[in-house]
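Peer 1: This is target_20.cif, which holds mmCIF, C-alpha atoms and all ligand atoms:
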data_data
#
loop_
_atom_site.label_atom_id
_atom_site.label_comp_id
_atom_site.auth_asym_id
_atom_site.auth_seq_id
_atom_site.Cartn_x
_atom_site.Cartn_y
_atom_site.Cartn_z
CA MET Y 44 -1.60 -7.60 -22.80
CA GLY Y 45 1.60 -9.51 -23.68
CA LYS Y 46 3.96 -10.30 -20.85
CA ALA Y 47 3.35 -7.73 -18.16
CA LYS Y 48 6.15 -5.47 -16.97
CA VAL Y 49 6.31 -4.14 -13.42
CA THR Y 50 8.82 -1.64 -12.10
CA VAL Y 51 9.60 -1.67 -8.40
CA VAL Y 52 11.44 1.45 -7.23
CA GLY Y 53 13.42 0.94 -4.04
CA ALA Y 54 15.43 -2.26 -3.66
CA GLY Y 55 15.27 -2.21 0.13
CA PHE Y 56 13.32 -4.60 2.32
CA VAL Y 57 9.84 -3.86 1.01
CA GLY Y 58 10.82 -3.37 -2.63
CA ALA Y 59 13.06 -6.42 -3.01
CA THR Y 60 10.52 -8.65 -1.26
CA ALA Y 61 7.70 -7.33 -3.45
CA ALA Y 62 9.85 -7.93 -6.55
CA GLN Y 63 10.59 -11.46 -5.36
CA ARG Y 64 6.90 -12.21 -4.80
CA ILE Y 65 5.97 -10.88 -8.24
CA VAL Y 66 8.41 -13.07 -10.16
CA GLU Y 67 7.80 -16.13 -7.97
CA LYS Y 68 4.10 -15.87 -8.78
CA ASP Y 69 4.98 -15.32 -12.46
CA LEU Y 70 2.84 -12.17 -12.50
CA ALA Y 71 5.26 -10.10 -14.60
CA ASP Y 72 8.83 -9.39 -15.60
CA VAL Y 73 10.28 -7.01 -13.03
CA VAL Y 74 12.65 -4.05 -13.22
CA LEU Y 75 14.06 -3.29 -9.78
CA VAL Y 76 15.41 0.26 -9.43
CA ASP Y 77 17.43 1.90 -6.70
CA ILE Y 78 19.67 4.93 -6.33
CA VAL Y 79 22.47 2.82 -4.80
CA GLU Y 80 24.69 1.37 -7.49
CA GLY Y 81 24.91 -2.41 -7.48
CA LEU Y 82 22.14 -2.93 -4.94
CA PRO Y 83 19.23 -3.64 -7.33
CA GLN Y 84 21.55 -5.49 -9.71
CA GLY Y 85 22.83 -7.74 -6.94
CA LYS Y 86 19.41 -8.49 -5.50
CA ALA Y 87 17.90 -9.15 -8.94
CA LEU Y 88 20.73 -11.53 -9.78
CA ASP Y 89 20.34 -13.35 -6.48
CA ILE Y 90 16.59 -13.74 -6.98
CA MET Y 91 17.06 -14.92 -10.59
CA GLN Y 92 19.47 -17.57 -9.35
CA SER Y 93 16.55 -19.05 -7.44
CA ALA Y 94 14.45 -19.42 -10.61
CA ALA Y 95 15.58 -22.96 -11.40
CA VAL Y 96 14.77 -24.04 -7.86
CA GLU Y 97 11.50 -22.15 -7.48
CA GLY Y 98 10.41 -22.95 -11.02
CA PHE Y 99 9.37 -19.49 -12.20
CA SER Y 100 9.94 -18.20 -15.70
CA SER Y 101 9.57 -14.44 -15.22
CA SER Y 102 12.68 -12.30 -15.39
CA MET Y 103 14.10 -9.60 -13.16
CA ILE Y 104 16.78 -7.01 -13.81
CA GLY Y 105 18.25 -4.48 -11.43
CA THR Y 106 19.14 -0.99 -12.61
CA ASN Y 107 19.89 2.60 -11.59
CA ARG Y 108 18.49 4.07 -14.84
CA TYR Y 109 14.87 4.95 -15.49
CA GLN Y 110 15.19 4.27 -19.24
CA ASP Y 111 15.03 0.58 -18.34
CA THR Y 112 11.59 1.02 -16.80
CA ALA Y 113 10.00 2.20 -20.06
CA ASP Y 114 6.49 0.96 -20.85
CA SER Y 115 5.83 -0.61 -17.48
CA HIS Y 116 2.22 -1.56 -16.80
CA VAL Y 117 2.51 -1.02 -13.06
CA ILE Y 118 5.04 0.97 -11.01
CA VAL Y 119 5.38 0.13 -7.33
CA ILE Y 120 7.16 2.85 -5.35
CA THR Y 121 8.82 1.78 -2.11
CA ALA Y 122 11.84 4.12 -2.11
CA GLY Y 123 12.39 6.42 0.80
CA PHE Y 124 13.00 6.40 4.49
CA ALA Y 125 11.11 4.67 7.22
CA ARG Y 126 10.74 6.79 10.35
CA LYS Y 127 13.80 6.61 12.60
CA PRO Y 128 14.00 7.44 16.30
CA GLY Y 129 14.26 11.20 16.75
CA MET Y 130 12.75 11.91 13.34
CA SER Y 131 9.45 13.77 13.47
CA ARG Y 132 6.58 12.90 11.17
CA ASP Y 133 7.17 16.19 9.37
CA ASP Y 134 10.87 15.39 8.85
CA LEU Y 135 9.82 12.13 7.21
CA LEU Y 136 7.16 13.88 5.18
CA PHE Y 137 9.59 16.43 3.68
CA LYS Y 138 12.40 13.93 3.15
CA ASN Y 139 10.22 11.41 1.34
CA THR Y 140 8.45 14.14 -0.66
CA GLU Y 141 11.79 15.01 -2.21
CA ILE Y 142 12.61 11.37 -3.00
CA VAL Y 143 9.17 10.29 -4.23
CA GLY Y 144 8.59 13.50 -6.24
CA GLY Y 145 11.75 12.91 -8.29
CA ILE Y 146 11.03 9.24 -8.84
CA VAL Y 147 7.45 9.81 -10.00
CA THR Y 148 8.54 12.43 -12.53
CA GLU Y 149 11.07 10.00 -14.03
CA CYS Y 150 8.72 7.02 -14.06
CA ALA Y 151 5.78 8.95 -15.56
CA GLN Y 152 7.97 10.15 -18.39
CA TYR Y 153 8.98 6.61 -19.41
CA SER Y 154 5.68 4.85 -18.70
CA PRO Y 155 2.93 7.38 -19.39
CA ARG Y 156 0.17 4.77 -19.30
CA ALA Y 157 1.26 2.97 -16.13
CA ILE Y 158 -0.64 2.53 -12.91
CA ILE Y 159 1.25 3.66 -9.81
CA VAL Y 160 0.98 1.70 -6.56
CA MET Y 161 2.47 3.81 -3.76
CA VAL Y 162 3.99 2.13 -0.70
CA THR Y 163 6.29 4.81 0.75
CA ASN Y 164 5.12 6.51 3.95
CA PRO Y 165 3.45 8.75 4.93
CA LEU Y 166 1.32 6.76 2.56
CA ASP Y 167 -1.74 8.88 1.85
CA VAL Y 168 0.22 12.07 1.29
CA MET Y 169 2.80 10.30 -0.90
CA THR Y 170 -0.01 8.84 -3.04
CA TRP Y 171 -1.53 12.28 -3.51
CA LEU Y 172 1.90 13.70 -4.33
CA ALA Y 173 2.41 10.97 -6.96
CA CYS Y 174 -0.91 11.86 -8.56
CA LYS Y 175 0.07 15.54 -8.79
CA LYS Y 176 3.63 14.90 -9.98
CA SER Y 177 2.70 12.30 -12.59
CA GLY Y 178 -0.23 14.23 -14.00
CA PHE Y 179 -1.99 10.87 -14.29
CA PRO Y 180 -5.74 10.62 -13.79
CA ALA Y 181 -6.44 9.77 -10.15
CA GLU Y 182 -7.77 6.30 -10.93
CA ARG Y 183 -4.24 5.35 -12.03
CA VAL Y 184 -2.55 6.35 -8.76
CA ILE Y 185 -3.38 4.13 -5.80
CA GLY Y 186 -1.87 3.73 -2.35
CA MET Y 187 -1.27 0.50 -0.44
CA ALA Y 188 -2.40 0.74 3.16
CA GLY Y 189 -5.89 -0.57 3.80
CA GLU Y 190 -5.02 -4.01 2.45
CA LEU Y 191 -2.11 -4.27 4.89
CA ASP Y 192 -4.11 -2.90 7.81
CA SER Y 193 -6.95 -5.33 6.97
CA ALA Y 194 -4.52 -8.24 6.72
CA ARG Y 195 -3.14 -7.41 10.16
CA TYR Y 196 -6.67 -7.13 11.55
CA ALA Y 197 -7.57 -10.49 9.97
CA TYR Y 198 -4.54 -12.16 11.53
CA PHE Y 199 -5.24 -10.86 15.04
CA LEU Y 200 -8.90 -11.84 14.74
CA SER Y 201 -8.04 -15.31 13.48
CA GLU Y 202 -5.86 -15.87 16.53
CA GLU Y 203 -8.67 -14.72 18.79
CA LEU Y 204 -11.39 -16.74 17.06
CA LYS Y 205 -9.23 -19.81 16.32
CA CYS Y 206 -9.88 -19.79 12.60
CA LYS Y 207 -7.76 -19.39 9.48
CA PRO Y 208 -6.64 -15.81 8.72
CA ASN Y 209 -8.06 -16.29 5.25
CA ASP Y 210 -11.52 -16.99 6.72
CA VAL Y 211 -11.65 -13.39 7.99
CA LYS Y 212 -12.79 -10.73 5.54
CA ALA Y 213 -11.57 -7.61 7.30
CA THR Y 214 -12.27 -3.99 6.44
CA VAL Y 215 -10.07 -1.14 7.64
CA LEU Y 216 -10.57 2.37 6.27
CA GLY Y 217 -8.98 5.79 6.70
CA GLY Y 218 -5.42 7.00 6.51
CA HIS Y 219 -2.52 4.66 7.21
CA GLY Y 220 -1.38 5.31 10.76
CA ASP Y 221 -2.84 6.17 14.12
CA GLN Y 222 -6.09 7.32 12.57
CA MET Y 223 -7.02 4.20 10.64
CA VAL Y 224 -10.63 3.10 11.07
CA PRO Y 225 -11.33 -0.63 11.54
CA VAL Y 226 -14.96 -1.38 10.63
CA PRO Y 227 -16.21 -4.35 12.75
CA ASP Y 228 -19.65 -4.46 11.09
CA TYR Y 229 -17.96 -5.16 7.75
CA THR Y 230 -15.41 -7.55 9.19
CA LEU Y 231 -16.81 -11.02 8.67
CA VAL Y 232 -15.78 -14.47 9.80
CA HIS Y 233 -17.55 -17.18 7.79
CA GLY Y 234 -20.05 -14.50 6.79
CA LYS Y 235 -20.79 -13.31 10.36
CA PRO Y 236 -19.78 -9.82 11.52
CA ILE Y 237 -17.33 -9.94 14.42
CA THR Y 238 -19.76 -7.78 16.42
CA GLN Y 239 -21.78 -11.00 16.84
CA LEU Y 240 -18.74 -13.02 17.89
CA LEU Y 241 -16.76 -10.81 20.29
CA THR Y 242 -17.51 -8.30 23.03
CA PRO Y 243 -17.15 -4.58 22.18
CA GLU Y 244 -14.27 -4.39 24.71
CA ARG Y 245 -12.34 -7.19 23.02
CA ILE Y 246 -12.98 -5.69 19.58
CA ALA Y 247 -11.69 -2.31 20.84
CA GLN Y 248 -8.48 -3.99 22.06
CA ILE Y 249 -7.91 -5.77 18.74
CA ASN Y 250 -8.65 -2.55 16.85
CA GLN Y 251 -5.96 -0.82 18.88
CA ARG Y 252 -3.43 -3.59 18.26
CA THR Y 253 -4.19 -3.25 14.54
CA ARG Y 254 -3.61 0.52 14.69
CA ASP Y 255 -0.27 -0.16 16.37
CA GLY Y 256 0.49 -3.07 14.02
CA GLY Y 257 3.45 -1.41 12.33
CA ALA Y 258 4.86 0.07 15.54
CA GLU Y 259 4.76 -3.33 17.29
CA ILE Y 260 7.07 -4.74 14.61
CA VAL Y 261 9.42 -1.73 14.64
CA LYS Y 262 9.79 -2.18 18.38
CA LEU Y 263 10.72 -5.85 17.98
CA LEU Y 264 13.07 -5.39 15.02
CA LYS Y 265 14.73 -2.30 16.57
CA THR Y 266 16.20 -1.38 13.18
CA GLY Y 267 13.87 -1.19 10.21
CA SER Y 268 10.18 -1.79 9.82
CA ALA Y 269 7.78 -4.44 8.54
CA TYR Y 270 8.19 -5.72 5.01
CA TYR Y 271 6.76 -9.24 4.58
CA ALA Y 272 3.11 -8.25 5.02
CA PRO Y 273 3.53 -4.85 3.31
CA SER Y 274 5.04 -6.50 0.22
CA SER Y 275 2.30 -9.18 0.16
CA SER Y 276 -0.37 -6.50 0.26
CA ALA Y 277 1.24 -4.45 -2.51
CA VAL Y 278 1.57 -7.54 -4.70
CA ARG Y 279 -2.09 -8.43 -4.18
CA MET Y 280 -2.95 -5.02 -5.62
CA VAL Y 281 -0.53 -5.51 -8.52
CA ARG Y 282 -2.14 -8.87 -9.27
CA ALA Y 283 -5.68 -7.41 -9.22
CA ILE Y 284 -4.55 -4.76 -11.71
CA LEU Y 285 -2.63 -7.07 -14.06
CA LYS Y 286 -5.25 -9.83 -14.03
CA ASP Y 287 -8.12 -7.33 -14.11
CA THR Y 288 -9.83 -9.17 -11.25
CA ARG Y 289 -11.91 -6.16 -10.11
CA GLU Y 290 -11.86 -7.51 -6.58
CA THR Y 291 -12.61 -5.14 -3.73
CA ILE Y 292 -9.41 -4.19 -1.92
CA PRO Y 293 -9.18 -1.46 0.74
CA SER Y 294 -6.97 1.09 -1.00
CA CYS Y 295 -5.90 4.70 -0.73
CA VAL Y 296 -7.83 6.42 -3.53
CA TYR Y 297 -8.89 9.92 -4.55
CA LEU Y 298 -12.35 10.68 -3.22
CA GLN Y 299 -14.65 12.98 -5.12
CA GLY Y 300 -17.76 13.07 -2.98
CA GLN Y 301 -17.83 9.46 -1.78
CA TYR Y 302 -18.28 9.14 1.98
CA GLY Y 303 -18.99 12.90 2.01
CA LEU Y 304 -15.29 13.57 1.27
CA LYS Y 305 -14.06 15.57 -1.69
CA ASP Y 306 -10.67 16.17 -3.29
CA VAL Y 307 -8.63 14.13 -0.86
CA TYR Y 308 -6.76 10.80 -0.88
CA CYS Y 309 -7.95 8.39 1.80
CA GLY Y 310 -8.40 4.66 2.43
CA VAL Y 311 -11.73 3.07 1.39
CA PRO Y 312 -12.73 -0.17 -0.37
CA ALA Y 313 -12.17 -0.01 -4.13
CA LYS Y 314 -12.49 -2.42 -7.04
CA LEU Y 315 -9.12 -2.69 -8.75
CA GLY Y 316 -8.56 -3.81 -12.33
CA ARG Y 317 -6.74 -3.08 -15.56
CA GLU Y 318 -7.59 0.65 -15.50
CA GLY Y 319 -6.63 1.03 -11.85
CA VAL Y 320 -9.54 2.05 -9.62
CA GLN Y 321 -12.64 0.70 -11.39
CA GLU Y 322 -15.11 1.68 -8.70
CA ILE Y 323 -15.09 3.10 -5.19
CA VAL Y 324 -17.30 0.99 -2.94
CA GLU Y 325 -19.41 2.83 -0.37
CA ILE Y 326 -20.33 0.87 2.73
CA THR Y 327 -22.63 2.08 5.48
CA LEU Y 328 -20.70 3.40 8.45
CA THR Y 329 -21.78 4.15 12.00
CA GLU Y 330 -21.70 7.82 12.97
CA ALA Y 331 -18.51 7.25 15.01
CA GLU Y 332 -16.78 5.51 12.07
CA ARG Y 333 -17.83 8.26 9.69
CA LYS Y 334 -16.45 10.91 12.04
CA ALA Y 335 -13.19 8.98 12.42
CA LEU Y 336 -12.87 8.64 8.64
CA HIS Y 337 -13.43 12.38 8.18
CA ALA Y 338 -10.86 13.22 10.88
CA SER Y 339 -8.38 10.91 9.20
CA ALA Y 340 -8.96 12.49 5.77
CA GLU Y 341 -8.60 15.97 7.28
CA ASP Y 342 -5.23 14.97 8.70
CA VAL Y 343 -4.10 13.79 5.24
CA ARG Y 344 -5.31 17.07 3.71
CA GLN Y 345 -3.46 19.21 6.25
CA ASN Y 346 -0.22 17.32 5.68
CA PHE Y 347 -0.56 17.51 1.91
CA PHE Y 348 -0.99 21.29 2.07
CA LYS Y 349 2.27 21.58 4.06
CA LEU Y 350 4.10 20.56 0.87
CA THR Y 351 5.36 23.06 -1.65
CA ILE Y 352 5.01 21.24 -4.93
N1 LIG Y 401 15.67 6.63 -5.83
C1 LIG Y 401 15.64 5.28 -5.76
N2 LIG Y 401 15.77 4.59 -4.60
C2 LIG Y 401 15.95 5.31 -3.49
C3 LIG Y 401 15.98 6.73 -3.48
C4 LIG Y 401 15.84 7.39 -4.73
N3 LIG Y 401 15.84 8.71 -4.83
N4 LIG Y 401 16.16 7.13 -2.22
C5 LIG Y 401 16.23 6.04 -1.44
N5 LIG Y 401 16.11 4.93 -2.20
C6 LIG Y 401 16.14 3.52 -1.79
C7 LIG Y 401 17.22 3.23 -0.76
O1 LIG Y 401 18.51 3.15 -1.36
C8 LIG Y 401 16.75 1.89 -0.20
O2 LIG Y 401 17.33 0.78 -0.88
O3 LIG Y 401 14.95 3.13 -1.14
C9 LIG Y 401 15.24 1.92 -0.43
C10 LIG Y 401 14.41 1.90 0.86
O4 LIG Y 401 14.60 0.67 1.45
P1 LIG Y 401 14.65 0.42 3.03
O5 LIG Y 401 15.47 1.47 3.66
O6 LIG Y 401 14.99 -1.02 3.23
O7 LIG Y 401 13.14 0.71 3.51
P2 LIG Y 401 11.90 -0.31 3.45
O8 LIG Y 401 11.82 -1.04 4.72
O9 LIG Y 401 11.92 -1.06 2.17
O10 LIG Y 401 10.69 0.75 3.44
C11 LIG Y 401 10.48 1.60 2.34
O11 LIG Y 401 8.11 1.54 2.54
O12 LIG Y 401 6.69 0.64 4.13
C12 LIG Y 401 7.33 1.82 3.67
O13 LIG Y 401 7.65 3.15 5.69
C13 LIG Y 401 8.30 2.38 4.70
O14 LIG Y 401 8.55 4.47 3.56
C14 LIG Y 401 9.17 3.23 3.83
C15 LIG Y 401 9.22 2.41 2.51
#
Show me the file's structure as structure tokens.
Peer 2:
Amino acid sequence: MGKAKVTVVGAGFVGATAAQRIVEKDLADVVLVDIVEGLPQGKALDIMQSAAVEGFSSSMIGTNRYQDTADSHVIVITAGFARKPGMSRDDLLFKNTEIVGGIVTECAQYSPRAIIVMVTNPLDVMTWLACKKSGFPAERVIGMAGELDSARYAYFLSEELKCKPNDVKATVLGGHGDQMVPVPDYTLVHGKPITQLLTPERIAQINQRTRDGGAEIVKLLKTGSAYYAPSSSAVRMVRAILKDTRETIPSCVYLQGQYGLKDVYCGVPAKLGREGVQEIVEITLTEAERKALHASAEDVRQNFFKLTI
């Protein structure tokens, strides 16, 4: 691959920060797209004016036209609304379906070989929608959720256990939201499962804080939602794809029998590389975790079938 090209759609908080992280790490040249005229252009110009200081050599342009995204290797979609007070989950679902559906159709036309990394919520349903709308094989349409949920879990555990967040290898499965499934047996600190380090009660409390991880930030910010950790997590997936690292990253992927689930998008560990999902990793779950994962997948399925696409 020559110089990689990544399109980020949505120049809001998550999108612009993801774009910034990608060029600062020199992972790819970035095209930042938004529907608002001037917004992606202005942010791209501002970020490029930091290049001499930060010392990166990748480029970024902002645009409102999808022609400029042609032949992207990866497309990160962050456009859409975050849930506002008074907005039901279904309102958000239908609103973002309209936005994401249109964007995917445009992007797929100009970059037919790209890999899509979905970030817009409700994440699992939007990822599934992107797969349908693009017509891409499912291994090229992946959602970002598990990596973020695992990163939040790792941070809370590191505070509890007085270690570095990076020393925690956390695993969180399931849909992104209230029904996510932290897996303590596969959450290791220096190789030891946390079930050997903390009481079940304490683990249950940290699991709950992880489930509420996004809501805790919304409550503090009052306007808007989290974007530093979400953009980091999306960029880690972009890096794994561009560098073909094949590392295992909890991701929202299309299941075809794995974990006893079929024809549904849901969060599980997956090896990511140049072709997108290289392999879905099956870990052994307790009966309660398996039930929770199935309930979560069923919720995603029911929401997906509410859409008329
Ligand atoms: N095409 C392109 N861009 C669009 C479109 C569209 N059809 N519709 C909206 N946008 C843009 C908006 O103009 C805005 O700049 O999407 C951007 C969204 O940015 P923010 O409102 O700042 O939202 P952000 O915090 O970035 O979250 C975006 O990521 O984590 C999820 O739940 C979050 O679904 C939300 C998404």
Peer 1: Applying 9 Å and all atoms listed in the file, which residues near Gly53 in chain Y remain after dropping the ones on its own chain fewer than 2 positions away? List them as a CSV table (one decimal) with C-alpha atoms, keeping the file's coordinate frame.
Peer 2:
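Dumped to selection_16.csv:
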chain,number,residue,atom,x,y,z
Y,51,VAL,CA,9.6,-1.7,-8.4
Y,55,GLY,CA,15.3,-2.2,0.1
Y,56,PHE,CA,13.3,-4.6,2.3
Y,57,VAL,CA,9.8,-3.9,1.0
Y,58,GLY,CA,10.8,-3.4,-2.6
Y,59,ALA,CA,13.1,-6.4,-3.0
Y,75,LEU,CA,14.1,-3.3,-9.8
Y,76,VAL,CA,15.4,0.3,-9.4
Y,77,ASP,CA,17.4,1.9,-6.7
Y,78,ILE,CA,19.7,4.9,-6.3
Y,83,PRO,CA,19.2,-3.6,-7.3
Y,119,VAL,CA,5.4,0.1,-7.3
Y,120,ILE,CA,7.2,2.8,-5.4
Y,121,THR,CA,8.8,1.8,-2.1
Y,122,ALA,CA,11.8,4.1,-2.1
Y,123,GLY,CA,12.4,6.4,0.8
Peer 1: Of the candidates Y:Leu200, Y:Ala125, Y:Ala151, Y:Val224, which one gets nearest to Pro165 in chain Y if we count all atoms listed in the file?
Peer 2: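 Nearest candidate to Pro165 in chain Y out of Y:Leu200, Y:Ala125, Y:Ala151, Y:Val224: Y:Ala125.
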Peer 1: Might you pull out every residue within 8 Å of range 87-100 of chain Y, with only C-alpha atoms counted and same-chain residues fewer than 3 positions away left off, and present them as an MDAnalysis selection string?
Peer 2: chainID Y and resid 63 66:69 75 83:84 103:105
Peer 1: Could you state the separation of CA of Phe347 in chain Y and CA of Trp171 in chain Y in Å, given to one decimal place?
Peer 2: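 We find that CA of Phe347 in chain Y and CA of Trp171 in chain Y lie 7.6 Å from each other.
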Peer 1: One decimal, in Å: what's the spacing between CA of Arg108 in chain Y and CA of Met280 in chain Y?
Peer 2: 25.0 Å
Peer 1: Need the shell around Leu285 in chain Y: protein/DNA/RNA residues with any atom at most 9 Å away, counting only C-alpha atoms. Skip same-chain ones fewer than 6 positions apart. Format as a ChimeraX atom specification?
Peer 2: /Y:44,47,70-71,116-117,316-317
Peer 1: Please indicate the distance in Å from atom P2 of ligand LIG 401 (chain Y) to CA of Glu318 in chain Y, rounded to one decimal place.
Peer 2: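 Straight-line distance from atom P2 of ligand LIG 401 (chain Y) to CA of Glu318 in chain Y works out to 27.2 Å.
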